[in-house]
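File shown here: upload_18.csv, holding CSV, C-alpha atoms.
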```
chain,number,residue,atom,x,y,z
A,1,MET,CA,0.0,0.0,0.0
A,2,ASP,CA,1.3,3.5,-0.9
A,3,LEU,CA,2.0,5.7,2.1
A,4,LYS,CA,1.4,9.4,2.2
A,5,CYS,CA,4.1,12.0,3.0
A,6,LEU,CA,3.0,14.0,6.0
A,7,ALA,CA,4.9,17.1,4.7
A,8,CYS,CA,3.5,17.5,1.2
A,9,ARG,CA,0.7,14.9,1.2
A,10,ALA,CA,2.1,13.1,-1.9
A,11,LEU,CA,1.6,9.3,-2.2
A,12,GLY,CA,4.3,6.8,-2.9
A,13,LEU,CA,7.0,7.0,-0.3
A,14,ARG,CA,10.1,5.0,-1.3
A,15,ARG,CA,11.6,2.6,1.2
A,16,THR,CA,15.2,1.7,1.9
A,17,GLU,CA,16.5,-0.3,4.8
A,18,ALA,CA,17.0,2.8,6.9
A,19,GLU,CA,14.1,5.2,5.9
A,20,LEU,CA,11.1,6.1,3.9
A,21,ARG,CA,11.7,9.0,1.5
A,22,CYS,CA,9.2,11.2,-0.3
A,23,PRO,CA,10.2,11.6,-4.0
A,24,ALA,CA,8.1,14.8,-4.3
A,25,CYS,CA,9.6,16.9,-1.4
A,26,ASN,CA,12.5,14.7,-0.2
A,27,ALA,CA,11.1,14.4,3.4
A,28,THR,CA,12.4,11.3,5.2
A,29,TYR,CA,10.9,9.1,7.9
A,30,PRO,CA,13.3,6.8,9.7
A,31,ILE,CA,12.8,3.0,10.0
A,32,VAL,CA,14.0,1.9,13.5
A,33,GLY,CA,13.7,-1.7,14.5
A,34,GLY,CA,11.8,-2.4,11.3
A,35,VAL,CA,9.1,0.1,12.2
A,36,PRO,CA,8.6,3.3,10.1
A,37,ARG,CA,8.5,6.3,12.5
A,38,PHE,CA,6.1,9.1,11.5
A,39,VAL,CA,6.5,10.9,14.8
A,40,GLY,CA,9.6,11.8,16.8
A,41,ASP,CA,8.1,11.7,20.2
A,42,GLU,CA,5.5,9.7,22.2
A,43,PHE,CA,3.9,13.0,23.4
A,44,TYR,CA,1.1,12.1,25.9
A,45,SER,CA,1.3,8.3,25.3
A,46,GLY,CA,4.5,7.5,27.1
A,47,SER,CA,2.8,5.4,29.8
A,48,PHE,CA,1.6,3.0,27.1
A,49,GLY,CA,5.0,2.6,25.6
A,50,PHE,CA,6.3,1.7,29.1
A,51,GLN,CA,3.3,-0.5,29.8
A,52,TRP,CA,3.3,-2.6,26.6
A,53,ASN,CA,7.0,-3.2,26.7
A,54,ARG,CA,6.8,-4.3,30.3
A,55,PHE,CA,3.7,-6.5,29.7
A,56,ALA,CA,4.5,-7.3,26.1
A,57,ARG,CA,2.9,-10.8,25.9
A,58,THR,CA,0.5,-10.9,28.8
A,59,GLN,CA,-2.6,-10.4,26.6
A,60,LEU,CA,-1.3,-12.2,23.5
A,61,ASP,CA,-3.4,-15.3,22.8
A,62,SER,CA,-0.5,-17.1,21.2
A,63,ALA,CA,1.6,-16.6,24.3
A,64,ASN,CA,-1.0,-17.2,27.1
A,65,GLY,CA,-2.8,-20.2,25.5
A,66,THR,CA,-6.2,-18.6,25.7
A,67,THR,CA,-8.6,-17.1,23.2
A,68,GLU,CA,-9.4,-14.1,25.4
A,69,SER,CA,-8.1,-11.4,23.0
A,70,ARG,CA,-9.9,-13.1,20.1
A,71,ASP,CA,-13.2,-13.3,22.1
A,72,THR,CA,-12.9,-9.7,23.3
A,73,PHE,CA,-12.2,-8.5,19.7
A,74,VAL,CA,-15.3,-10.3,18.4
A,75,GLU,CA,-17.5,-9.0,21.3
A,76,LYS,CA,-16.4,-5.4,21.0
A,77,THR,CA,-16.4,-5.1,17.1
A,78,GLY,CA,-19.3,-7.3,16.3
A,79,TRP,CA,-17.2,-8.8,13.5
A,80,THR,CA,-16.6,-12.5,12.8
A,81,LEU,CA,-13.2,-13.9,11.9
A,82,ALA,CA,-14.6,-14.9,8.6
A,83,ASP,CA,-15.3,-11.2,7.9
A,84,LEU,CA,-11.6,-10.5,8.0
A,85,LYS,CA,-10.2,-12.8,5.4
A,86,GLY,CA,-8.7,-10.9,2.5
A,87,VAL,CA,-9.6,-7.4,3.7
A,88,ARG,CA,-7.4,-4.5,4.5
A,89,VAL,CA,-7.7,-3.5,8.2
A,90,LEU,CA,-6.4,-0.5,10.2
A,91,ASP,CA,-5.7,-1.1,13.9
A,92,ALA,CA,-5.8,2.4,15.2
A,93,GLY,CA,-3.9,2.1,18.5
A,94,CYS,CA,-2.3,-1.4,18.4
A,95,GLY,CA,-0.5,-1.4,21.7
A,96,MET,CA,1.6,-4.7,21.8
A,97,GLY,CA,-0.5,-6.2,18.9
A,98,ARG,CA,-3.0,-8.4,20.6
A,99,PHE,CA,-5.9,-7.6,18.3
A,100,ALA,CA,-3.6,-7.2,15.2
A,101,GLU,CA,-2.6,-10.8,15.8
A,102,VAL,CA,-6.2,-11.9,15.8
A,103,CYS,CA,-6.9,-10.1,12.5
A,104,ALA,CA,-3.7,-11.4,10.9
A,105,ASP,CA,-4.4,-15.0,11.9
A,106,ALA,CA,-7.9,-14.6,10.4
A,107,GLY,CA,-6.4,-13.7,7.0
A,108,ALA,CA,-6.6,-9.8,7.0
A,109,GLU,CA,-4.0,-7.5,5.6
A,110,VAL,CA,-3.3,-5.5,8.8
A,111,HIS,CA,-1.8,-2.1,9.2
A,112,ALA,CA,-1.2,-1.4,12.9
A,113,ILE,CA,-0.3,2.0,14.3
A,114,ASP,CA,0.5,3.4,17.7
A,115,LEU,CA,1.8,6.7,18.9
A,116,SER,CA,3.9,5.1,21.6
A,117,ILE,CA,6.9,2.9,21.5
A,118,ALA,CA,4.5,0.0,22.1
A,119,VAL,CA,5.1,-0.5,18.4
A,120,GLU,CA,8.4,-2.1,19.3
A,121,ALA,CA,6.6,-4.8,21.3
A,122,ALA,CA,4.0,-5.2,18.5
A,123,ALA,CA,6.7,-5.6,15.9
A,124,ARG,CA,8.4,-8.4,18.0
A,125,ASN,CA,5.1,-10.1,18.7
A,126,LEU,CA,4.0,-10.0,15.1
A,127,SER,CA,7.3,-10.7,13.4
A,128,GLY,CA,7.2,-13.3,10.7
A,129,ARG,CA,3.6,-12.5,9.7
A,130,GLN,CA,3.9,-11.2,6.2
A,131,ASN,CA,0.4,-9.7,6.3
A,132,VAL,CA,1.1,-7.2,9.1
A,133,SER,CA,2.8,-3.8,8.9
A,134,VAL,CA,3.5,-1.8,12.0
A,135,TYR,CA,4.0,2.0,12.1
A,136,GLN,CA,4.6,4.6,14.9
A,137,ALA,CA,2.2,7.3,14.0
A,138,ASP,CA,-0.3,9.8,15.3
A,139,ILE,CA,-4.0,9.1,14.8
A,140,MET,CA,-4.5,12.8,14.2
A,141,ASN,CA,-2.0,12.7,11.2
A,142,LEU,CA,-1.8,9.3,9.6
A,143,PRO,CA,0.3,8.5,6.5
A,144,PHE,CA,-2.6,6.8,4.6
A,145,ALA,CA,-4.7,8.1,1.7
A,146,GLU,CA,-8.5,8.5,2.0
A,147,GLY,CA,-10.4,5.3,1.2
A,148,SER,CA,-7.5,3.0,2.1
A,149,PHE,CA,-9.2,0.5,4.4
A,150,ASP,CA,-12.1,-2.0,4.2
A,151,ARG,CA,-12.3,-2.0,8.0
A,152,ILE,CA,-11.0,0.1,10.9
A,153,TYR,CA,-11.1,-0.6,14.5
A,154,SER,CA,-9.9,1.2,17.6
A,155,LEU,CA,-10.5,-0.6,20.9
A,156,GLY,CA,-9.8,1.2,24.1
A,157,VAL,CA,-7.6,3.9,22.5
A,158,LEU,CA,-9.5,7.0,21.4
A,159,HIS,CA,-10.5,8.0,24.9
A,160,HIS,CA,-6.8,8.3,25.8
A,161,THR,CA,-6.3,11.0,23.2
A,162,PRO,CA,-6.7,14.7,23.9
A,163,ASN,CA,-10.1,14.7,22.1
A,164,THR,CA,-11.9,11.4,21.6
A,165,ARG,CA,-14.4,12.7,19.0
A,166,ALA,CA,-11.7,14.5,16.9
A,167,ALA,CA,-9.6,11.4,16.8
A,168,PHE,CA,-12.5,9.3,15.6
A,169,GLU,CA,-13.3,11.9,12.9
A,170,ARG,CA,-9.8,11.5,11.5
A,171,LEU,CA,-10.3,7.8,11.0
A,172,VAL,CA,-13.6,7.9,9.1
A,173,PRO,CA,-12.2,9.3,5.8
A,174,LEU,CA,-9.7,6.4,5.7
A,175,LEU,CA,-12.5,4.0,5.1
A,176,LYS,CA,-13.3,2.8,1.6
A,177,PRO,CA,-16.9,3.5,0.4
A,178,GLY,CA,-18.9,0.7,2.1
A,179,GLY,CA,-16.2,0.1,4.7
A,180,ILE,CA,-16.9,-0.4,8.4
A,181,ILE,CA,-15.5,1.3,11.4
A,182,THR,CA,-15.9,0.0,15.0
A,183,ILE,CA,-14.7,1.7,18.2
A,184,TRP,CA,-14.9,0.9,21.8
A,185,VAL,CA,-14.4,3.7,24.4
A,186,TYR,CA,-14.9,4.0,28.1
A,187,SER,CA,-18.4,4.4,29.3
A,188,THR,CA,-19.8,7.0,31.6
A,189,GLU,CA,-21.0,4.0,33.7
A,190,LEU,CA,-17.4,3.7,34.9
A,191,LEU,CA,-17.8,7.0,36.8
A,192,VAL,CA,-19.4,4.9,39.6
A,193,TRP,CA,-15.8,4.0,40.6
A,194,ARG,CA,-15.6,7.3,42.5
A,195,GLY,CA,-12.3,6.4,44.2
A,196,GLY,CA,-10.6,5.7,40.9
A,197,GLU,CA,-11.7,9.1,39.6
A,198,LEU,CA,-10.3,10.8,42.7
A,199,LEU,CA,-7.0,8.9,42.6
A,200,ARG,CA,-6.5,9.6,38.9
A,201,ARG,CA,-6.1,13.3,39.7
A,202,PHE,CA,-2.7,12.3,41.1
A,203,THR,CA,-1.6,9.0,39.7
A,204,PRO,CA,-0.7,10.1,36.1
A,205,ARG,CA,1.9,12.5,37.7
A,206,LEU,CA,3.7,9.7,39.5
A,207,SER,CA,6.8,8.1,38.2
A,208,ARG,CA,5.8,5.2,36.0
A,209,HIS,CA,8.1,2.8,38.0
A,210,TRP,CA,6.5,3.8,41.3
A,211,LEU,CA,3.0,3.5,39.8
A,212,LEU,CA,3.9,0.1,38.5
A,213,ARG,CA,4.9,-1.0,42.0
A,214,LEU,CA,1.7,0.4,43.5
A,215,SER,CA,-0.4,-1.2,40.8
A,216,ARG,CA,0.9,-4.6,41.9
A,217,LEU,CA,-1.4,-4.2,44.9
A,218,ALA,CA,-4.2,-5.3,42.5
A,219,ILE,CA,-3.0,-8.8,42.8
A,220,PRO,CA,-4.0,-9.3,46.5
A,221,MET,CA,-6.8,-6.7,46.3
A,222,TYR,CA,-8.7,-9.1,44.1
A,223,TYR,CA,-9.5,-11.2,47.2
A,224,VAL,CA,-10.6,-8.1,49.2
A,225,HIS,CA,-12.9,-6.9,46.4
A,226,ASN,CA,-14.5,-10.4,46.3
A,227,ASN,CA,-15.2,-10.3,50.0
A,228,ARG,CA,-19.0,-9.9,50.5
A,229,LEU,CA,-18.7,-7.1,53.0
A,230,ALA,CA,-15.4,-5.3,52.4
A,231,GLY,CA,-15.8,-5.4,48.6
A,232,ARG,CA,-18.8,-3.1,48.7
A,233,PHE,CA,-16.5,-0.4,49.9
A,234,THR,CA,-13.2,-1.2,48.1
A,235,ARG,CA,-14.6,-1.7,44.7
A,236,VAL,CA,-16.0,1.9,44.7
A,237,TRP,CA,-13.2,3.7,46.6
A,238,LEU,CA,-10.1,1.7,45.7
A,239,PRO,CA,-10.9,0.1,42.4
A,240,THR,CA,-8.4,-2.3,40.8
A,241,SER,CA,-8.8,-4.9,38.2
A,242,LEU,CA,-10.8,-8.0,38.9
A,243,HIS,CA,-9.3,-10.2,36.2
A,244,ARG,CA,-8.7,-13.8,37.3
A,245,ASN,CA,-5.1,-13.7,36.0
A,246,PRO,CA,-2.8,-12.0,38.5
A,247,GLU,CA,-0.4,-10.4,36.0
A,248,TRP,CA,-3.4,-9.3,33.9
A,249,ARG,CA,-4.8,-7.6,37.1
A,250,TRP,CA,-1.5,-5.8,37.6
A,251,LEU,CA,-1.4,-4.6,34.0
A,252,ASP,CA,-5.1,-3.5,33.8
A,253,THR,CA,-4.7,-1.5,37.0
A,254,PHE,CA,-1.6,0.3,35.8
A,255,ASP,CA,-3.5,0.9,32.5
A,256,TRP,CA,-6.3,2.5,34.4
A,257,TYR,CA,-4.3,4.9,36.6
A,258,ALA,CA,-1.3,5.8,34.3
A,259,PRO,CA,-2.7,7.6,31.2
A,260,LYS,CA,-2.7,11.4,31.0
A,261,TYR,CA,-6.2,11.4,29.3
A,262,GLN,CA,-9.1,9.1,30.1
A,263,TRP,CA,-12.4,10.3,28.9
A,264,LYS,CA,-15.8,8.6,29.4
A,265,HIS,CA,-18.7,8.7,26.9
A,266,SER,CA,-22.3,7.6,26.7
A,267,ALA,CA,-23.5,5.3,23.9
A,268,GLU,CA,-25.9,8.0,22.7
A,269,GLU,CA,-23.1,10.5,22.4
A,270,VAL,CA,-20.9,8.2,20.4
A,271,GLU,CA,-23.7,7.1,18.1
A,272,GLY,CA,-24.2,10.8,17.4
A,273,TRP,CA,-20.6,11.1,16.3
A,274,PHE,CA,-21.2,8.3,13.8
A,275,ARG,CA,-24.3,9.9,12.4
A,276,ASP,CA,-22.7,13.3,12.2
A,277,ALA,CA,-19.8,11.7,10.2
A,278,GLY,CA,-22.3,10.5,7.7
A,279,LEU,CA,-22.0,6.8,8.6
A,280,GLU,CA,-24.9,4.4,7.9
A,281,GLY,CA,-26.2,1.4,9.8
A,282,VAL,CA,-25.0,2.8,13.1
A,283,ARG,CA,-25.1,0.0,15.6
A,284,ARG,CA,-24.5,-0.3,19.3
A,285,TYR,CA,-23.1,-3.6,20.7
A,286,THR,CA,-23.7,-5.1,24.2
A,287,PHE,CA,-20.3,-4.2,25.6
A,288,PRO,CA,-20.4,-0.5,26.6
A,289,VAL,CA,-19.5,1.6,24.7
A,290,SER,CA,-18.9,-0.3,21.4
A,291,VAL,CA,-20.4,1.2,18.3
A,292,SER,CA,-20.0,0.5,14.5
A,293,GLY,CA,-21.0,2.2,11.3
A,294,ARG,CA,-20.6,1.9,7.6
A,295,ARG,CA,-19.3,4.5,5.2
A,296,ALA,CA,-21.9,5.2,2.4
A,297,ALA,CA,-21.1,3.3,-0.8
A,298,ALA,CA,-21.3,6.6,-2.6
A,299,ALA,CA,-19.0,8.4,-0.2
A,300,ALA,CA,-17.2,11.4,-1.6
A,301,THR,CA,-13.6,10.7,-2.7
A,302,ALA,CA,-12.5,14.2,-3.3
A,303,THR,CA,-9.6,13.9,-0.9
A,304,ALA,CA,-8.4,10.7,-2.5
A,305,GLY,CA,-8.5,12.5,-5.9
A,306,ARG,CA,-6.4,15.3,-4.5
A,307,ASP,CA,-3.9,12.9,-3.1
A,308,ALA,CA,-3.6,11.1,-6.4
A,309,ALA,CA,-3.2,14.4,-8.3
A,310,VAL,CA,-0.4,15.5,-5.9
A,311,ALA,CA,1.3,12.1,-6.3
A,312,VAL,CA,1.6,12.4,-10.1
A,313,ARG,CA,2.9,16.0,-10.2
```
Written as structure tokens, that's how I'd like the structure from this file.
Amino acid sequence: MDLKCLACRALGLRRTEAELRCPACNATYPIVGGVPRFVGDEFYSGSFGFQWNRFARTQLDSANGTTESRDTFVEKTGWTLADLKGVRVLDAGCGMGRFAEVCADAGAEVHAIDLSIAVEAAARNLSGRQNVSVYQADIMNLPFAEGSFDRIYSLGVLHHTPNTRAAFERLVPLLKPGGIITIWVYSTELLVWRGGELLRRFTPRLSRHWLLRLSRLAIPMYYVHNNRLAGRFTRVWLPTSLHRNPEWRWLDTFDWYAPKYQWKHSAEEVEGWFRDAGLEGVRRYTFPVSVSGRRAAAAATATAGRDAAVAVR
């Protein structure tokens, strides 16, 4: 797939072992560890680079011997694995590659991006799969032409950007006419964890190493939360993950308390974004808040035309 220069918007970056180069304006993008880098910094996403390189294989089905990531993917997207065979998919916020692995193994051509250096863990986890490409890039400024993808998903990512809706709106034009996008974002229902909201006023400011140590308390807290009496209090005022796997509990708790941004949204609000973006067949799934929609078959392709015109100049 042709990539787009972020400087002049021309398509057709040329690849060498060390970099991608734009033939139109001579801009270059380094390739480090086999991953093209379209950003020079992690910006607000540093906790995720730290997290996913520390817990690089915890949630990877091929490493843990379960189908939990696959089952989560199906539940939150509403897609079947058969839907993915032979289609081009964008994973918008791949982390260490747990869902990209699911899509690749189902036969999709996967393009996985992340703003953080989690891409390094993803590249290691997905190495050897010829149908996966990993990039370090910003959702707000991606190196893809309009109409590049049959399907786009972003699960648990957009609410960690400075503006959830704006990030979603940047993804929609990348769909082909008739293409489907599904996102999962945190629900306003999570605001019931009052203690977590209060603690998050301070925890993103802590050293990641200290927060990692503190998050390990989630392992024994699991038993306190499940106590019939004490749990009524602790689940609300000191929430930690309730996952049955101890390391997963540790990871999920760090994931909750570390990010700079963590917005919550209602299903009605997110469905409104989809309709305002001109998407059809907007559908809400059972896991809050998971929503999908389809780009109209007659969707305008003006931007794609402009990209093509620039590329041939």
Long-range neighbours of segment 232-236 of chain A as a PDB file with C-alpha atoms, keeping the file's coordinate frame, 8 Å cut-off, only C-alpha atoms, 3 positions minimum in chain:
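What landed in result39.pdb:
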```pdb
ATOM      1  CA  VAL A 192     -19.400   4.900  39.600  1.00  0.00           C
ATOM      2  CA  TRP A 193     -15.800   4.000  40.600  1.00  0.00           C
ATOM      3  CA  ARG A 194     -15.600   7.300  42.500  1.00  0.00           C
ATOM      4  CA  GLY A 195     -12.300   6.400  44.200  1.00  0.00           C
ATOM      5  CA  GLY A 196     -10.600   5.700  40.900  1.00  0.00           C
ATOM      6  CA  VAL A 224     -10.600  -8.100  49.200  1.00  0.00           C
ATOM      7  CA  HIS A 225     -12.900  -6.900  46.400  1.00  0.00           C
ATOM      8  CA  ARG A 228     -19.000  -9.900  50.500  1.00  0.00           C
ATOM      9  CA  LEU A 229     -18.700  -7.100  53.000  1.00  0.00           C
ATOM     10  CA  PRO A 239     -10.900   0.100  42.400  1.00  0.00           C
ATOM     11  CA  THR A 240      -8.400  -2.300  40.800  1.00  0.00           C
TER      12      THR A 240
END
```
- Task: Write out as an MDAnalysis selection string which residues come within 8 Å of Ala122 of chain A when counting all atoms listed in the file, dropping same-chain ones fewer than 5 positions away.
- Result: chainID A and resid 56 94:98 134
At a cut-off of 9 Å, can you tabulate as a tab-separated table every residue of segment 19-78 of chain A near segment 136-158 of chain A together with its closest atom pair and the distance in Å to one decimal, using all atoms listed in the file and ordering rows by chain then number?
```
residue	atom	partner	partner_atom	distance
A:Val35	CA	A:Gln136	CA	6.9
A:Pro36	CA	A:Gln136	CA	6.4
A:Arg37	CA	A:Gln136	CA	4.9
A:Phe38	CA	A:Ala137	CA	5.0
A:Val39	CA	A:Ala137	CA	5.7
A:Gly40	CA	A:Gln136	CA	9.0
A:Glu42	CA	A:Gln136	CA	9.0
A:Phe73	CA	A:Leu155	CA	8.2
A:Lys76	CA	A:Leu155	CA	7.6
A:Thr77	CA	A:Tyr153	CA	7.4
```
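You can rank A:Ala123, A:Leu171, A:Ile31, A:Ala166 by their closest distance to Ala92 of chain A using only C-alpha atoms, and at the top of that list sits A:Leu171.
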What's the 12 Å shell around Leu81 of chain A, counting all atoms listed in the file, without same-chain residues fewer than 2 positions away, as an mmCIF file with C-alpha atoms, in the frame of the given file?
```
data_model
loop_
_atom_site.group_PDB
_atom_site.id
_atom_site.type_symbol
_atom_site.label_atom_id
_atom_site.label_comp_id
_atom_site.auth_asym_id
_atom_site.auth_seq_id
_atom_site.Cartn_x
_atom_site.Cartn_y
_atom_site.Cartn_z
ATOM 1 C CA ARG A 70 -9.900 -13.100 20.100
ATOM 2 C CA ASP A 71 -13.200 -13.300 22.100
ATOM 3 C CA PHE A 73 -12.200 -8.500 19.700
ATOM 4 C CA VAL A 74 -15.300 -10.300 18.400
ATOM 5 C CA GLU A 75 -17.500 -9.000 21.300
ATOM 6 C CA THR A 77 -16.400 -5.100 17.100
ATOM 7 C CA GLY A 78 -19.300 -7.300 16.300
ATOM 8 C CA TRP A 79 -17.200 -8.800 13.500
ATOM 9 C CA ASP A 83 -15.300 -11.200 7.900
ATOM 10 C CA LEU A 84 -11.600 -10.500 8.000
ATOM 11 C CA LYS A 85 -10.200 -12.800 5.400
ATOM 12 C CA GLY A 86 -8.700 -10.900 2.500
ATOM 13 C CA VAL A 87 -9.600 -7.400 3.700
ATOM 14 C CA PHE A 99 -5.900 -7.600 18.300
ATOM 15 C CA GLU A 101 -2.600 -10.800 15.800
ATOM 16 C CA VAL A 102 -6.200 -11.900 15.800
ATOM 17 C CA CYS A 103 -6.900 -10.100 12.500
ATOM 18 C CA ALA A 104 -3.700 -11.400 10.900
ATOM 19 C CA ASP A 105 -4.400 -15.000 11.900
ATOM 20 C CA ALA A 106 -7.900 -14.600 10.400
ATOM 21 C CA GLY A 107 -6.400 -13.700 7.000
ATOM 22 C CA ALA A 108 -6.600 -9.800 7.000
#
```
- Note on the structure: Between A:Ser45, A:Ser241, A:Gln130, A:Ser69, smallest distance to Thr253 of chain A by all atoms listed in the file belongs to A:Ser241
- Could you tell me which of A:Gly33, A:Pro220, A:Pro162, A:Gly179 comes closest to Val119 of chain A if we count all atoms listed in the file?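 For Val119 of chain A, the nearest of the candidates is A:Gly33.
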- Item | Coordinates-based distance that separates atom CA of Cys8 of chain A from atom CA of Gly278 of chain A (Å, one decimal) |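 Taking atom CA of Gly278 of chain A as the start and atom CA of Cys8 of chain A as the end point, the length is 27.5 Å.
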Please, which residues are within 9 Å of (0.6, -1.7, 8.6) by the file's coordinates, counting all atoms listed in the file, and could they come as a PDB file with C-alpha atoms, in the frame of the given file?
```
ATOM      1  CA  MET A   1       0.000   0.000   0.000  1.00  0.00           C
ATOM      2  CA  VAL A  89      -7.700  -3.500   8.200  1.00  0.00           C
ATOM      3  CA  LEU A  90      -6.400  -0.500  10.200  1.00  0.00           C
ATOM      4  CA  ASP A  91      -5.700  -1.100  13.900  1.00  0.00           C
ATOM      5  CA  GLU A 109      -4.000  -7.500   5.600  1.00  0.00           C
ATOM      6  CA  VAL A 110      -3.300  -5.500   8.800  1.00  0.00           C
ATOM      7  CA  HIS A 111      -1.800  -2.100   9.200  1.00  0.00           C
ATOM      8  CA  ALA A 112      -1.200  -1.400  12.900  1.00  0.00           C
ATOM      9  CA  ILE A 113      -0.300   2.000  14.300  1.00  0.00           C
ATOM     10  CA  ASN A 131       0.400  -9.700   6.300  1.00  0.00           C
ATOM     11  CA  VAL A 132       1.100  -7.200   9.100  1.00  0.00           C
ATOM     12  CA  SER A 133       2.800  -3.800   8.900  1.00  0.00           C
ATOM     13  CA  VAL A 134       3.500  -1.800  12.000  1.00  0.00           C
ATOM     14  CA  TYR A 135       4.000   2.000  12.100  1.00  0.00           C
TER      15      TYR A 135
END
```
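Using all atoms listed in the file, the nearest neighbour of Lys264 of chain A within the list A:Asn245, A:Ser187, A:Ser215, A:Ser290 is A:Ser187.
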